[in-house]
$ cat model.cif   # mmCIF, C-alpha atoms and all ligand atoms
data_data
loop_
_atom_site.label_atom_id
_atom_site.label_comp_id
_atom_site.auth_asym_id
_atom_site.auth_seq_id
_atom_site.Cartn_x
_atom_site.Cartn_y
_atom_site.Cartn_z
CA VAL A 1 148.25 124.79 38.85
CA ILE A 2 144.75 123.67 39.83
CA GLY A 3 142.02 126.29 40.08
CA ILE A 4 138.43 126.86 40.95
CA ILE A 5 136.21 129.05 38.79
CA GLY A 6 133.01 130.59 40.11
CA ASP A 7 131.07 133.79 40.64
CA PRO A 8 131.33 134.43 43.55
CA VAL A 9 134.32 132.30 44.51
CA GLU A 10 135.89 134.01 47.55
CA HIS A 11 133.83 131.87 49.97
CA SER A 12 135.22 128.59 48.61
CA LEU A 13 136.89 126.30 51.15
CA SER A 14 138.52 124.22 48.38
CA PRO A 15 141.83 126.16 48.21
CA ILE A 16 142.42 125.57 51.93
CA MET A 17 141.61 121.88 51.66
CA HIS A 18 143.63 121.09 48.53
CA ASN A 19 146.68 123.20 49.32
CA ALA A 20 146.95 121.43 52.68
CA LEU A 21 146.88 118.08 50.86
CA PHE A 22 149.45 119.16 48.28
CA SER A 23 151.86 120.31 50.93
CA ARG A 24 151.28 117.26 53.17
CA LEU A 25 151.98 114.89 50.25
CA ASN A 26 154.81 117.12 49.00
CA LEU A 27 153.16 117.41 45.56
CA ASP A 28 154.25 120.19 43.23
CA PHE A 29 150.74 121.63 42.87
CA ILE A 30 149.06 124.84 43.94
CA TYR A 31 145.30 125.54 44.10
CA VAL A 32 144.02 129.02 43.33
CA ALA A 33 140.60 130.65 43.10
CA PHE A 34 139.65 132.48 39.90
CA HIS A 35 136.67 134.82 39.89
CA VAL A 36 135.06 134.18 36.50
CA THR A 37 131.84 135.96 35.54
CA PRO A 38 129.43 134.18 33.16
CA ASP A 39 130.40 136.36 30.17
CA LYS A 40 134.04 135.25 30.60
CA LEU A 41 133.42 131.50 30.97
CA GLU A 42 134.44 130.53 27.44
CA LYS A 43 137.63 132.61 27.65
CA ALA A 44 138.41 131.11 31.05
CA VAL A 45 138.20 127.58 29.59
CA GLU A 46 140.46 128.65 26.71
CA GLY A 47 142.81 130.01 29.37
CA VAL A 48 142.92 126.59 31.08
CA ARG A 49 144.06 125.10 27.77
CA ALA A 50 146.45 127.94 26.89
CA LEU A 51 148.15 127.98 30.29
CA ASN A 52 148.10 124.19 30.54
CA ILE A 53 146.38 124.35 33.91
CA ALA A 54 146.21 120.79 35.27
CA GLY A 55 142.59 120.91 36.36
CA ILE A 56 139.82 122.98 37.82
CA ASN A 57 136.84 122.80 40.10
CA VAL A 58 133.74 124.49 38.77
CA THR A 59 131.21 126.14 41.02
CA ILE A 60 128.07 128.27 40.74
CA PRO A 61 126.99 129.50 38.19
CA HIS A 62 129.16 127.58 35.68
CA LYS A 63 128.52 123.90 36.48
CA THR A 64 126.11 123.34 33.60
CA GLU A 65 127.22 126.06 31.21
CA ILE A 66 130.78 124.71 31.06
CA ILE A 67 129.69 121.39 29.50
CA PRO A 68 129.69 122.45 25.81
CA HIS A 69 133.21 123.88 26.20
CA LEU A 70 134.72 120.54 27.28
CA ASP A 71 136.12 117.73 25.09
CA GLU A 72 134.55 114.92 27.06
CA VAL A 73 132.09 114.60 29.94
CA SER A 74 131.66 111.49 32.12
CA ALA A 75 128.32 109.73 31.88
CA GLU A 76 127.62 110.53 35.53
CA ALA A 77 128.15 114.26 34.95
CA GLN A 78 125.94 114.04 31.85
CA ILE A 79 123.19 112.41 33.89
CA ILE A 80 123.49 114.97 36.68
CA GLY A 81 123.74 117.71 34.07
CA ALA A 82 126.60 119.44 35.88
CA VAL A 83 130.40 119.31 36.03
CA ASN A 84 132.29 120.27 39.19
CA THR A 85 135.71 118.86 38.27
CA VAL A 86 137.74 119.16 35.05
CA VAL A 87 141.03 117.42 34.37
CA ASN A 88 143.42 118.46 31.61
CA ARG A 89 144.76 115.26 30.03
CA SER A 90 147.33 116.27 27.40
CA GLY A 91 145.22 119.20 26.30
CA ARG A 92 141.88 117.36 26.42
CA LEU A 93 139.53 118.77 29.03
CA ILE A 94 137.42 116.06 30.65
CA GLY A 95 134.54 116.91 32.99
CA PHE A 96 133.33 114.90 35.98
CA ASN A 97 130.85 115.37 38.77
CA THR A 98 132.14 114.40 42.23
CA ASP A 99 129.32 116.03 44.24
CA GLY A 100 127.13 112.92 44.07
CA TYR A 101 130.11 110.76 44.98
CA GLY A 102 130.72 113.11 47.94
CA PHE A 103 127.15 112.60 49.11
CA GLU A 104 127.31 108.81 48.76
CA LYS A 105 130.65 108.52 50.58
CA ALA A 106 129.48 110.83 53.37
CA VAL A 107 126.33 108.78 53.94
CA SER A 108 128.14 105.44 53.79
CA THR A 109 131.06 106.54 55.99
CA TYR A 110 129.17 108.52 58.63
CA GLY A 111 125.66 107.10 58.30
CA GLY A 112 126.73 103.48 57.80
CA LEU A 113 124.29 103.23 54.91
CA SER A 114 124.61 102.02 51.32
CA LEU A 115 122.27 103.76 48.86
CA LYS A 116 121.49 100.53 47.03
CA GLY A 117 117.84 99.59 47.43
CA LYS A 118 117.15 102.59 49.70
CA LYS A 119 114.28 105.08 49.62
CA ILE A 120 115.48 108.67 49.49
CA PHE A 121 113.33 111.61 50.56
CA LEU A 122 114.93 114.64 48.94
CA ILE A 123 114.07 118.18 50.02
CA GLY A 124 115.11 120.76 47.40
CA ALA A 125 115.57 120.81 43.63
CA GLY A 126 118.65 122.95 42.98
CA GLY A 127 122.20 122.01 42.04
CA ALA A 128 122.94 119.89 45.11
CA ALA A 129 119.63 118.01 44.68
CA ARG A 130 120.55 117.18 41.09
CA ALA A 131 123.79 115.50 42.21
CA VAL A 132 122.13 113.66 45.11
CA ALA A 133 119.24 112.38 42.97
CA GLY A 134 121.43 111.38 40.01
CA ARG A 135 124.01 109.58 42.14
CA SER A 136 121.37 107.82 44.25
CA LEU A 137 119.70 106.42 41.15
CA LEU A 138 123.06 105.44 39.63
CA SER A 139 123.89 103.61 42.83
CA GLY A 140 120.67 101.61 42.67
CA ALA A 141 118.48 103.47 45.16
CA ASN A 142 114.94 102.07 45.26
CA SER A 143 113.31 105.48 44.88
CA VAL A 144 113.91 109.23 45.06
CA ILE A 145 110.94 111.36 46.14
CA ILE A 146 111.55 115.07 45.61
CA THR A 147 109.78 117.96 47.29
CA ASN A 148 110.57 121.61 46.62
CA ARG A 149 109.09 125.00 47.48
CA THR A 150 108.79 125.72 43.74
CA TRP A 151 106.95 122.78 42.20
CA GLU A 152 108.00 123.60 38.63
CA LYS A 153 111.69 123.39 39.48
CA ALA A 154 111.27 119.93 40.97
CA GLU A 155 109.27 118.80 37.95
CA ALA A 156 111.93 120.15 35.61
CA LEU A 157 114.63 118.32 37.59
CA VAL A 158 112.74 115.03 37.36
CA GLU A 159 112.15 115.49 33.62
CA ASP A 160 115.83 116.35 33.04
CA LEU A 161 117.02 113.32 34.98
CA LYS A 162 114.62 111.00 33.20
CA GLU A 163 115.71 112.36 29.85
CA SER A 164 119.42 112.00 30.60
CA PHE A 165 118.98 108.47 31.94
CA ARG A 166 117.02 107.65 28.80
CA LYS A 167 119.91 108.88 26.65
CA ILE A 168 122.74 107.45 28.68
CA SER A 169 121.39 104.10 29.84
CA SER A 170 121.33 102.91 26.23
CA THR A 171 125.08 103.54 25.93
CA SER A 172 128.05 101.82 27.54
CA ASN A 173 129.60 102.07 30.99
CA ALA A 174 130.26 105.36 32.68
CA LYS A 175 133.12 106.36 34.94
CA ASP A 176 132.38 107.46 38.43
CA ALA A 177 133.99 110.29 40.36
CA ALA A 178 137.05 108.33 41.31
CA GLY A 179 137.41 107.17 37.70
CA GLU A 180 136.25 103.64 38.39
CA PRO A 181 133.83 101.92 36.03
CA ARG A 182 130.21 102.27 37.02
CA ASP A 183 127.80 99.95 35.29
CA LEU A 184 124.87 101.97 34.08
CA LYS A 185 122.98 98.77 33.47
CA CYS A 186 121.98 99.05 37.16
CA VAL A 187 119.49 101.52 35.77
CA SER A 188 117.90 99.13 33.37
CA GLY A 189 115.80 101.70 31.61
CA ILE A 190 113.44 104.53 32.11
CA LYS A 191 110.59 102.33 33.29
CA ASP A 192 112.52 101.37 36.39
CA LEU A 193 113.35 104.90 37.49
CA ASN A 194 111.36 105.51 40.64
CA LEU A 195 111.60 109.27 40.74
CA LYS A 196 108.73 111.60 41.51
CA VAL A 197 107.68 114.95 42.91
CA ILE A 198 105.33 115.53 45.84
CA PRO A 199 103.91 118.88 47.08
CA TRP A 200 105.73 121.13 49.56
CA GLN A 201 103.49 120.37 52.56
CA LYS A 202 103.99 118.63 55.84
CA GLU A 203 100.77 116.62 55.30
CA SER A 204 101.79 115.19 51.94
CA TRP A 205 105.31 114.46 53.20
CA LYS A 206 104.01 112.02 55.84
CA GLN A 207 103.62 108.92 53.68
CA SER A 208 106.95 109.28 51.84
CA ILE A 209 108.84 110.15 55.00
CA ALA A 210 107.39 107.11 56.74
CA ALA A 211 108.99 104.91 54.08
CA ALA A 212 112.26 106.87 53.73
CA ASP A 213 115.64 105.40 54.68
CA VAL A 214 117.48 108.68 54.08
CA ILE A 215 116.04 112.17 54.56
CA VAL A 216 118.14 114.71 52.71
CA ASN A 217 118.06 118.50 52.84
CA THR A 218 119.54 120.17 49.77
CA THR A 219 117.78 123.51 50.23
CA SER A 220 119.70 126.43 51.64
CA ILE A 221 117.34 126.53 54.63
CA GLY A 222 119.52 126.63 57.74
CA MET A 223 122.50 128.18 55.96
CA ASN A 224 124.19 130.67 58.28
CA GLY A 225 121.49 129.83 60.83
CA LYS A 226 118.64 131.19 58.69
CA GLY A 227 115.34 129.28 58.56
CA ASN A 228 114.08 126.20 60.36
CA LEU A 229 113.50 123.04 58.37
CA ALA A 230 112.94 120.93 61.50
CA SER A 231 109.51 122.51 61.99
CA LEU A 232 108.38 121.14 58.60
CA ILE A 233 109.21 117.50 59.35
CA PRO A 234 106.35 115.22 60.47
CA TRP A 235 108.64 113.63 63.06
CA GLU A 236 106.02 111.13 64.24
CA SER A 237 106.21 109.44 60.80
CA VAL A 238 109.99 108.99 60.59
CA LYS A 239 111.34 105.41 60.76
CA ASP A 240 113.57 104.61 63.76
CA ASP A 241 116.57 103.75 61.59
CA ALA A 242 116.28 106.68 59.15
CA VAL A 243 119.48 108.64 58.47
CA PHE A 244 119.37 112.44 58.15
CA PHE A 245 121.72 114.32 55.85
CA ASP A 246 122.02 118.08 55.40
CA ALA A 247 123.98 119.52 52.44
CA VAL A 248 124.33 122.82 54.30
CA TYR A 249 127.79 122.93 55.91
CA ALA A 250 127.83 126.38 57.50
CA PRO A 251 127.07 125.91 60.33
CA VAL A 252 128.43 122.38 60.48
CA GLN A 253 125.55 121.26 62.70
CA THR A 254 122.37 122.77 61.37
CA ASP A 255 119.22 123.11 63.49
CA PHE A 256 117.70 120.39 61.27
CA LEU A 257 120.43 117.90 62.19
CA ILE A 258 120.52 118.99 65.83
CA GLU A 259 116.79 118.21 66.10
CA ALA A 260 117.20 114.85 64.30
CA GLY A 261 120.11 113.97 66.60
CA ARG A 262 118.13 115.00 69.67
CA ARG A 263 115.41 112.58 68.60
CA GLY A 264 117.93 109.77 68.35
CA TYR A 265 118.48 109.61 64.58
CA LYS A 266 121.84 109.19 62.86
CA THR A 267 122.96 112.44 61.28
CA VAL A 268 125.49 113.15 58.52
CA TYR A 269 126.96 116.63 58.08
CA GLY A 270 127.22 118.42 54.73
CA ILE A 271 130.87 119.12 55.41
CA TYR A 272 131.59 115.45 54.72
CA MET A 273 130.02 115.73 51.26
CA LEU A 274 132.30 118.73 50.70
CA ILE A 275 135.32 116.74 51.85
CA TYR A 276 134.55 113.68 49.74
CA GLN A 277 133.73 115.65 46.59
CA GLY A 278 137.16 117.21 47.08
CA ALA A 279 138.68 113.78 47.62
CA GLY A 280 137.14 112.55 44.33
CA ALA A 281 138.51 115.56 42.46
CA PHE A 282 141.96 115.18 44.06
CA LYS A 283 142.15 111.57 42.90
CA ILE A 284 141.14 112.57 39.36
CA TRP A 285 143.83 115.28 39.15
CA THR A 286 146.72 113.56 40.91
CA GLY A 287 145.95 109.85 40.74
CA ARG A 288 146.66 109.78 44.51
CA GLN A 289 144.34 108.98 47.41
CA PRO A 290 143.99 112.07 49.58
CA ASP A 291 144.32 111.97 53.35
CA ILE A 292 140.77 112.56 54.57
CA LYS A 293 142.07 113.34 58.09
CA VAL A 294 144.10 116.26 56.77
CA MET A 295 141.08 117.59 54.88
CA LYS A 296 138.95 117.39 58.02
CA GLN A 297 141.59 118.97 60.21
CA VAL A 298 142.09 122.02 58.02
CA LEU A 299 138.37 122.61 57.59
CA GLU A 300 137.76 122.15 61.31
CA SER A 301 140.39 124.65 62.30
CA TYR A 302 139.30 127.11 59.62
CA LEU A 303 135.64 126.91 60.69
CA ALA A 304 136.62 127.02 64.36
CA GLY A 305 138.50 130.24 63.60
CA LYS A 306 135.28 131.56 62.15
CA GLY A 307 133.47 130.65 65.36
CA ASP A 308 132.08 127.29 64.27
CA SER A 309 133.54 124.52 66.38
CA ASP A 310 130.69 122.06 65.94
CA VAL A 311 132.81 119.38 64.30
CA LYS A 312 135.26 119.55 67.19
CA ARG A 313 132.45 119.36 69.74
CA THR A 314 131.15 116.12 68.28
CA GLY A 315 134.65 114.67 68.18
CA GLU A 316 134.16 113.63 64.52
N1 LIG B 1 128.02 119.91 51.20
C1 LIG B 1 128.33 120.13 49.93
O1 LIG B 1 129.31 119.63 49.39
C2 LIG B 1 127.41 121.02 49.14
C3 LIG B 1 127.42 120.99 47.74
C4 LIG B 1 126.52 121.83 47.06
C5 LIG B 1 125.67 122.65 47.78
N2 LIG B 1 125.71 122.64 49.14
C6 LIG B 1 124.80 123.48 49.92
O2 LIG B 1 123.48 123.10 49.61
C7 LIG B 1 122.62 124.24 49.64
C8 LIG B 1 121.90 124.40 48.30
O3 LIG B 1 122.87 124.61 47.28
P1 LIG B 1 122.46 124.52 45.73
O4 LIG B 1 123.70 124.72 44.98
O5 LIG B 1 121.62 123.34 45.46
O6 LIG B 1 121.57 125.86 45.60
P2 LIG B 1 120.45 126.21 44.51
O7 LIG B 1 120.71 125.51 43.24
O8 LIG B 1 120.35 127.69 44.53
O9 LIG B 1 119.08 125.60 45.13
C9 LIG B 1 118.55 126.14 46.31
C10 LIG B 1 117.42 125.25 46.80
O10 LIG B 1 117.01 125.76 48.08
C11 LIG B 1 115.60 126.03 48.05
N3 LIG B 1 115.33 127.15 48.95
C12 LIG B 1 116.10 128.26 49.13
N4 LIG B 1 115.54 129.04 50.09
C13 LIG B 1 114.41 128.41 50.50
C14 LIG B 1 113.41 128.71 51.46
N5 LIG B 1 113.46 129.82 52.20
N6 LIG B 1 112.38 127.83 51.63
C15 LIG B 1 112.33 126.70 50.89
N7 LIG B 1 113.25 126.36 49.96
C16 LIG B 1 114.27 127.21 49.76
C17 LIG B 1 115.32 126.35 46.60
O11 LIG B 1 113.95 126.20 46.35
P3 LIG B 1 113.23 126.98 45.15
O12 LIG B 1 113.45 126.14 43.94
O13 LIG B 1 111.81 127.06 45.57
O14 LIG B 1 113.89 128.33 45.04
C18 LIG B 1 116.18 125.27 45.91
O15 LIG B 1 115.56 124.01 45.99
C19 LIG B 1 123.52 125.43 50.00
O16 LIG B 1 123.45 125.64 51.38
C20 LIG B 1 124.91 124.95 49.60
O17 LIG B 1 125.95 125.55 50.36
C21 LIG B 1 126.56 121.84 49.82
#

$ encode --input "model.cif" --output "structure tokens"
Amino acid sequence: VIGIIGDPVEHSLSPIMHNALFSRLNLDFIYVAFHVTPDKLEKAVEGVRALNIAGINVTIPHKTEIIPHLDEVSAEAQIIGAVNTVVNRSGRLIGFNTDGYGFEKAVSTYGGLSLKGKKIFLIGAGGAARAVAGRSLLSGANSVIITNRTWEKAEALVEDLKESFRKISSTSNAKDAAGEPRDLKCVSGIKDLNLKVIPWQKESWKQSIAAADVIVNTTSIGMNGKGNLASLIPWESVKDDAVFFDAVYAPVQTDFLIEAGRRGYKTVYGIYMLIYQGAGAFKIWTGRQPDIKVMKQVLESYLAGKGDSDVKRTGE
């Protein structure tokens, strides 16, 4: 049994994705959703041990709070400060974060862009931003400039990341989402971390956006069609070869990405981050490479059934 714990959890697309993979590969696994409220988190983790559940995904609001209940946490998850995947290895619960990996794979596969040496303009400072910023820095991004409606949250995120890099970069190698060694020496110390906050204003965004290689939305603006981020972008400043990424995956094509695409920019959908974070978790639990096509197909048909056929329309 593999599970997902969260509150709420009914909206999760992970059961659909993983059960399709298990059945396609004929693996004797089943993926179930467990609604776990914050007051039951510790008992839920004990339950994973007691029932010998093979692994879990962890979603809001438990991604950070679960850390002290685990036996081991990968360096990447420590840096990000959140665990989204736990594997049960002979009774030892080991936590990973595959969200950042999902972002990186989505951008490299669909945006044709490696994060190494790149300048990232990051809109938002919540959970998704944490994973994007941490992974970008781990992968050798040149800089991450963060802007958020609530300044204090962005500042706190930057301070947290700097602190965790300070702690971790002095220690040995980490393991990335797919369990492969990741040399933390690429972050050669706190001095080299180019991570800062700028105010939530179109005017002050101009300079950073003009230099940005990747423009990333991790706010929930645009989710379920609510809000318009495109109107905040100083489009005249954006570089011709900039890549736009939106973490929001419902709808698949947000107004933000539609506008970027209309202006001729490469766009990467949040659904691919979702797929690749799932792929990273699948590999950790089963040791097998998942079939990305199957994951895409099941999500496409599920979302099409809910009236969102954007992925189909683009032929991706
Ligand atoms: N594709 C994926 O795999 C993936 C993974 C994780 C999350 N997501 C998506 O990413 C989005 C954010 O998730 P999260 O977990 O990071 O949420 P979160 O921790 O609650 O953070 C929400 C972020 O959105 C900002 N925000 C919300 N409403 C806003 C508004 N009206 N104007 C300006 N900023 C606003 C918040 O700013 P304040 O700090 O000012 O409140 C904060 O930065 C969601 O749509 C989620 O579904 C996708």

$ residues_around --input "model.cif" --residues "A:Ser208" --least-positions-apart "3" --cutoff "8 Å" --atoms "only C-alpha atoms" --output "VMD selection string"
chain A and resid 121 145 204 to 205 211 to 212

$ atom_distance --input "model.cif" --atom1 "atom P2 of ligand LIG 1 (chain B)" --atom2 "atom CA of A:Thr219"
6.9 Å

$ closest_residue --input "model.cif" --among "A:Leu137, A:Leu195, A:Val158, A:Val294" --to "A:Gly278" --atoms "only C-alpha atoms"
A:Val294

$ residues_near_ligand --input "model.cif" --ligand "ligand LIG 1 (chain B)" --cutoff "8 Å" --atoms "only C-alpha atoms and all ligand atoms" --output "ChimeraX atom specification"
/A:60,99,102-103,123-130,148-151,153-154,217-223,227,246-250,269-277

$ residues_around --input "model.cif" --residues "A:Ile233" --least-positions-apart "5" --cutoff "9 Å" --atoms "only C-alpha atoms" --output "ChimeraX atom specification"
/A:202,205-206,209,238

$ atom_distance --input "model.cif" --atom1 "atom CA of A:Ser14" --atom2 "atom CA of A:Glu46"
22.2 Å

$ closest_residue --input "model.cif" --among "A:Gly81, A:Gly140, A:Pro61, A:Gly264" --to "A:Leu161" --atoms "all atoms listed in the file"
A:Gly81

$ closest_residue --input "model.cif" --among "A:Ser136, A:Gln253, A:Ser143, A:Thr64" --to "A:Gly6" --atoms "only C-alpha atoms"
A:Thr64

$ closest_residue --input "model.cif" --among "A:Lys105, A:Gly117, A:Ala75, A:Trp285" --to "A:Ile30" --atoms "all atoms listed in the file"
A:Trp285

$ decode --input "model.cif" --residues "stretch 152-162 of chain A" --atoms "all heavy atoms" --output "PDB file, in the first residue's frame"
ATOM      1  N   GLU A 152       6.866  39.967   4.029  1.00  0.00           N
ATOM      2  CA  GLU A 152       7.449  39.237   5.160  1.00  0.00           C
ATOM      3  C   GLU A 152       7.590  37.747   4.858  1.00  0.00           C
ATOM      4  O   GLU A 152       8.550  37.106   5.284  1.00  0.00           O
ATOM      5  CB  GLU A 152       6.594  39.399   6.427  1.00  0.00           C
ATOM      6  CG  GLU A 152       6.549  40.805   7.002  1.00  0.00           C
ATOM      7  CD  GLU A 152       5.670  41.757   6.188  1.00  0.00           C
ATOM      8  OE1 GLU A 152       4.818  41.277   5.411  1.00  0.00           O
ATOM      9  OE2 GLU A 152       5.857  42.987   6.318  1.00  0.00           O
ATOM     10  N   LYS A 153       6.633  37.207   4.115  1.00  0.00           N
ATOM     11  CA  LYS A 153       6.707  35.767   3.809  1.00  0.00           C
ATOM     12  C   LYS A 153       7.886  35.476   2.880  1.00  0.00           C
ATOM     13  O   LYS A 153       8.562  34.458   3.017  1.00  0.00           O
ATOM     14  CB  LYS A 153       5.409  35.286   3.169  1.00  0.00           C
ATOM     15  CG  LYS A 153       4.344  34.945   4.182  1.00  0.00           C
ATOM     16  CD  LYS A 153       3.395  33.915   3.577  1.00  0.00           C
ATOM     17  CE  LYS A 153       2.005  34.107   4.116  1.00  0.00           C
ATOM     18  NZ  LYS A 153       0.988  33.497   3.271  1.00  0.00           N
ATOM     19  N   ALA A 154       8.108  36.381   1.936  1.00  0.00           N
ATOM     20  CA  ALA A 154       9.229  36.188   1.011  1.00  0.00           C
ATOM     21  C   ALA A 154      10.553  36.317   1.768  1.00  0.00           C
ATOM     22  O   ALA A 154      11.489  35.546   1.554  1.00  0.00           O
ATOM     23  CB  ALA A 154       9.157  37.202  -0.120  1.00  0.00           C
ATOM     24  N   GLU A 155      10.614  37.294   2.668  1.00  0.00           N
ATOM     25  CA  GLU A 155      11.832  37.472   3.463  1.00  0.00           C
ATOM     26  C   GLU A 155      12.103  36.238   4.313  1.00  0.00           C
ATOM     27  O   GLU A 155      13.239  35.785   4.434  1.00  0.00           O
ATOM     28  CB  GLU A 155      11.658  38.679   4.389  1.00  0.00           C
ATOM     29  CG  GLU A 155      12.336  39.913   3.869  1.00  0.00           C
ATOM     30  CD  GLU A 155      12.454  40.979   4.936  1.00  0.00           C
ATOM     31  OE1 GLU A 155      11.610  41.012   5.852  1.00  0.00           O
ATOM     32  OE2 GLU A 155      13.396  41.776   4.839  1.00  0.00           O
ATOM     33  N   ALA A 156      11.039  35.712   4.915  1.00  0.00           N
ATOM     34  CA  ALA A 156      11.194  34.537   5.768  1.00  0.00           C
ATOM     35  C   ALA A 156      11.675  33.343   4.939  1.00  0.00           C
ATOM     36  O   ALA A 156      12.541  32.574   5.376  1.00  0.00           O
ATOM     37  CB  ALA A 156       9.867  34.203   6.454  1.00  0.00           C
ATOM     38  N   LEU A 157      11.142  33.224   3.716  1.00  0.00           N
ATOM     39  CA  LEU A 157      11.569  32.121   2.842  1.00  0.00           C
ATOM     40  C   LEU A 157      13.059  32.237   2.520  1.00  0.00           C
ATOM     41  O   LEU A 157      13.810  31.259   2.599  1.00  0.00           O
ATOM     42  CB  LEU A 157      10.723  32.120   1.559  1.00  0.00           C
ATOM     43  CG  LEU A 157      11.180  31.189   0.427  1.00  0.00           C
ATOM     44  CD1 LEU A 157      11.257  29.750   0.891  1.00  0.00           C
ATOM     45  CD2 LEU A 157      10.228  31.281  -0.756  1.00  0.00           C
ATOM     46  N   VAL A 158      13.497  33.445   2.180  1.00  0.00           N
ATOM     47  CA  VAL A 158      14.902  33.663   1.848  1.00  0.00           C
ATOM     48  C   VAL A 158      15.785  33.353   3.062  1.00  0.00           C
ATOM     49  O   VAL A 158      16.815  32.666   2.944  1.00  0.00           O
ATOM     50  CB  VAL A 158      15.117  35.111   1.341  1.00  0.00           C
ATOM     51  CG1 VAL A 158      16.579  35.504   1.363  1.00  0.00           C
ATOM     52  CG2 VAL A 158      14.542  35.248  -0.061  1.00  0.00           C
ATOM     53  N   GLU A 159      15.375  33.824   4.230  1.00  0.00           N
ATOM     54  CA  GLU A 159      16.162  33.562   5.447  1.00  0.00           C
ATOM     55  C   GLU A 159      16.243  32.069   5.727  1.00  0.00           C
ATOM     56  O   GLU A 159      17.302  31.538   6.043  1.00  0.00           O
ATOM     57  CB  GLU A 159      15.571  34.309   6.651  1.00  0.00           C
ATOM     58  CG  GLU A 159      15.912  35.796   6.660  1.00  0.00           C
ATOM     59  CD  GLU A 159      17.370  36.082   6.284  1.00  0.00           C
ATOM     60  OE1 GLU A 159      18.269  35.498   6.929  1.00  0.00           O
ATOM     61  OE2 GLU A 159      17.613  36.849   5.329  1.00  0.00           O
ATOM     62  N   ASP A 160      15.095  31.381   5.615  1.00  0.00           N
ATOM     63  CA  ASP A 160      15.056  29.919   5.838  1.00  0.00           C
ATOM     64  C   ASP A 160      15.996  29.192   4.895  1.00  0.00           C
ATOM     65  O   ASP A 160      16.749  28.314   5.295  1.00  0.00           O
ATOM     66  CB  ASP A 160      13.656  29.364   5.545  1.00  0.00           C
ATOM     67  CG  ASP A 160      12.734  29.509   6.726  1.00  0.00           C
ATOM     68  OD1 ASP A 160      13.138  30.138   7.721  1.00  0.00           O
ATOM     69  OD2 ASP A 160      11.598  29.002   6.631  1.00  0.00           O
ATOM     70  N   LEU A 161      15.930  29.568   3.612  1.00  0.00           N
ATOM     71  CA  LEU A 161      16.759  28.877   2.617  1.00  0.00           C
ATOM     72  C   LEU A 161      18.243  29.139   2.887  1.00  0.00           C
ATOM     73  O   LEU A 161      19.058  28.223   2.836  1.00  0.00           O
ATOM     74  CB  LEU A 161      16.397  29.331   1.199  1.00  0.00           C
ATOM     75  CG  LEU A 161      15.136  28.707   0.613  1.00  0.00           C
ATOM     76  CD1 LEU A 161      14.762  29.374  -0.705  1.00  0.00           C
ATOM     77  CD2 LEU A 161      15.316  27.204   0.365  1.00  0.00           C
ATOM     78  N   LYS A 162      18.559  30.384   3.223  1.00  0.00           N
ATOM     79  CA  LYS A 162      19.962  30.701   3.489  1.00  0.00           C
ATOM     80  C   LYS A 162      20.464  29.904   4.689  1.00  0.00           C
ATOM     81  O   LYS A 162      21.561  29.361   4.683  1.00  0.00           O
ATOM     82  CB  LYS A 162      20.143  32.201   3.731  1.00  0.00           C
ATOM     83  CG  LYS A 162      20.070  32.995   2.438  1.00  0.00           C
ATOM     84  CD  LYS A 162      20.426  34.442   2.635  1.00  0.00           C
ATOM     85  CE  LYS A 162      20.549  35.126   1.283  1.00  0.00           C
ATOM     86  NZ  LYS A 162      20.672  36.580   1.391  1.00  0.00           N
TER      87      LYS A 162
END
